[in-house]
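Following: one structure in C-alpha cells, then a few remarks.
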Amino acid sequence: MLREGLADRGVALTTVHTVLTRLEQKGFVLHDDARPRRFSPRASREDHAAELMHEVLGRSADRQAVLARFVGGVDADEARLLRELLAGAPADDAPRG
Amino acid sequence: MLPATAASLAVLAVLLAWPVPALLARAGWPRRDPLVALVCWQAVGLAGGLSMIGALLVHGLAPWGNSLPEAAWSVVTGNPAGDAVRGDHWIALTLAGVLAFELVGVLVLSGVRTGRTRRRHRALLELVVRPSAELPDTRLLEYPAPVAFCIPGARPLLVLSSGMLAELDDDQLAAVVAHERAHLRERHHLLLLPFVAWEAALPVLPAAGRAHAAVRELVEMRADDVALASLSGSAPRRTLARAIVAAVGGAGGADVPSGALAVTGGVARVRVLRLLEPPSPLPAAARWTALASAGLLLLLPTALLLLPAV
C-alpha cells in the first residue's frame, strides 16, 4: 500500500526502508521477522492520539504553561453545577449593569 | 545606619511580597477589566523583584555611599569604603546576587524548557492532526473527548478534537476558536511566563502561587472578552458559556483529561458566571487610576535606586 502511494513521488524503496527502520528504532513501527519488509504501525492513529493527549494535557501544572487550553476538565460535581448555572440563566444575553 | 533608600525599598519589597498581591487577588474589579488587571500584575511582579534585590544591594553597598549610583561608582573607581564594611553588608550583597541570579536564571530556564516542550508536542501532534475544512488555521484531532487548545510560539498550532466537533454547534465552535486565537494574538503565554517562573523560583512565597493563579484566570477572561467582540449571533455570551460547559465534560460522555483539576475547576465557574451575568465595565476614571498606580509602582523602586540619596 505504502509502495503504491509513494511510487509516483520518485522515492527509492531503499530510502523508504531506511526511514521505516529508523522509525522502528524510535518505537513507532514494528516488523515481523518472517516478513522483514512488511512494517506495521505500533499503535493505531486513535491510540496514538490518546497517548499523545495524555502527555500533552498531562496533570502537572507546568503543562499548563506549555499550551493554552480552552477549558480544563472538572470533576462530576463541578460539571453538574455548571450545567445548572447555564440552565438557570435567561435564554438571551443578560443586560449589562 | 541603614540608608533611608534601603529601608524604603525593603518596605516596598515586603508590601509587594505579600499584602499587595493578596489584595489584588481578592479584589472584585479585575474581572470587570482583565486587561488593566493584567497590567497591574506585571507591574507588581516587576516592582517586587526590583525592590527586593534593590534593598539588599543598597544596604550592602552602603559603606561606599548612600545611593546606588554613588556607591557603585566608588566601587568601580576603587575608592575605599567610607564606613567600616561589616558582615551584614557582605551578607546583603551575597543575597542580592543569589536572588538576582535565581530570578533571572529561573525565568530563562523556564522559558527555554517550555519552548522545548512546545516544539516537541507540536511535532508529535502534527503527525496525527489534519487541517479543518471549515475553520481556517485549525487542526482536527481524532479524539473522543471534547478538547481544544493552542500551542503558542513562532508557529502556533490550534487543535480541536473530534469530540469537541461532535459536542458543539458551529457558533460554539467559532467561539472556542476565537478564544484560542485571542490567546495567541495577545501573546498571553508571555504574560504568564514570569509568574510561572517566579512560582518555581520562590516556592516559599505564597504570593507567587496566588499571583500565578490570578494571572491565569485573568488571561482566560481576557480571551473570552476578545472572543465575544468578534462573535456574531444573537447571544454570543450564552454561546461561549455553553461551549465552556460542554467542553468541561462530565456529561456522561467521553472522559476529559483533567489537567490540573484544582486550577481549572474554579476558572471554568468564574468564566461561566461572568458570561451569564456580565459585571458592569470599569468606569474610565477607575481604569486610569489603576493604570497610573501600575506606572507609579514601577517608577517608585526605579527612582529610589537611581536618584541620589537626600
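We label chains A, B, ... in the order they appear in the C-alpha cells, count residues from 1 in each chain, and number ligands from 1 in the order shown.
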Taking 6 positions as the minimum chain separation for residues in the same chain, which residues sit within 12 Å of Gly87 in chain B when counting only C-alpha atoms? Answer as a VMD selection string.
chain B and resid 59 to 61 63 93 to 94
At a cut-off of 9 Å, using only C-alpha atoms, what residues contact range 128-143 of chain B? Leave out same-chain residues fewer than 3 positions from it and give the result as an mmCIF file with C-alpha atoms, in the first residue's frame.
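Saved result, selection-v5.cif, follows:
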data_model
loop_
_atom_site.group_PDB
_atom_site.id
_atom_site.type_symbol
_atom_site.label_atom_id
_atom_site.label_comp_id
_atom_site.auth_asym_id
_atom_site.auth_seq_id
_atom_site.Cartn_x
_atom_site.Cartn_y
_atom_site.Cartn_z
ATOM 1 C CA ARG A 45 -3.958 6.590 14.839
ATOM 2 C CA GLU A 46 -6.565 6.726 17.623
ATOM 3 C CA HIS A 48 -1.504 7.356 19.251
ATOM 4 C CA ALA A 49 -3.794 10.370 19.616
ATOM 5 C CA ALA A 50 -4.976 9.148 23.015
ATOM 6 C CA MET A 53 -3.313 13.744 24.596
ATOM 7 C CA LEU B 124 4.159 14.931 17.662
ATOM 8 C CA LEU B 125 0.737 16.480 17.086
ATOM 9 C CA PRO B 146 -14.099 17.418 23.839
ATOM 10 C CA VAL B 147 -10.706 19.127 23.910
ATOM 11 C CA LEU B 157 -0.929 25.272 16.482
ATOM 12 C CA LEU B 158 -4.657 25.384 17.220
ATOM 13 C CA VAL B 159 -6.178 21.949 17.800
ATOM 14 C CA LEU B 160 -9.804 20.830 18.170
ATOM 15 C CA SER B 161 -10.693 17.227 18.954
ATOM 16 C CA SER B 162 -13.351 15.286 17.057
ATOM 17 C CA GLY B 163 -15.190 15.022 20.383
ATOM 18 C CA MET B 164 -15.355 18.812 20.509
ATOM 19 C CA LEU B 165 -16.741 18.935 16.971
ATOM 20 C CA LEU B 173 -17.003 26.180 17.736
ATOM 21 C CA ALA B 174 -16.437 29.666 16.338
ATOM 22 C CA VAL B 177 -11.600 29.182 18.066
#
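CA of Leu46 in chain B is positioned 16.1 Å from CA of Leu306 in chain B.
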Up to 8 Å from chain A, what residues of chain B turn up? Count only C-alpha atoms and give them as a count of residues only.
56
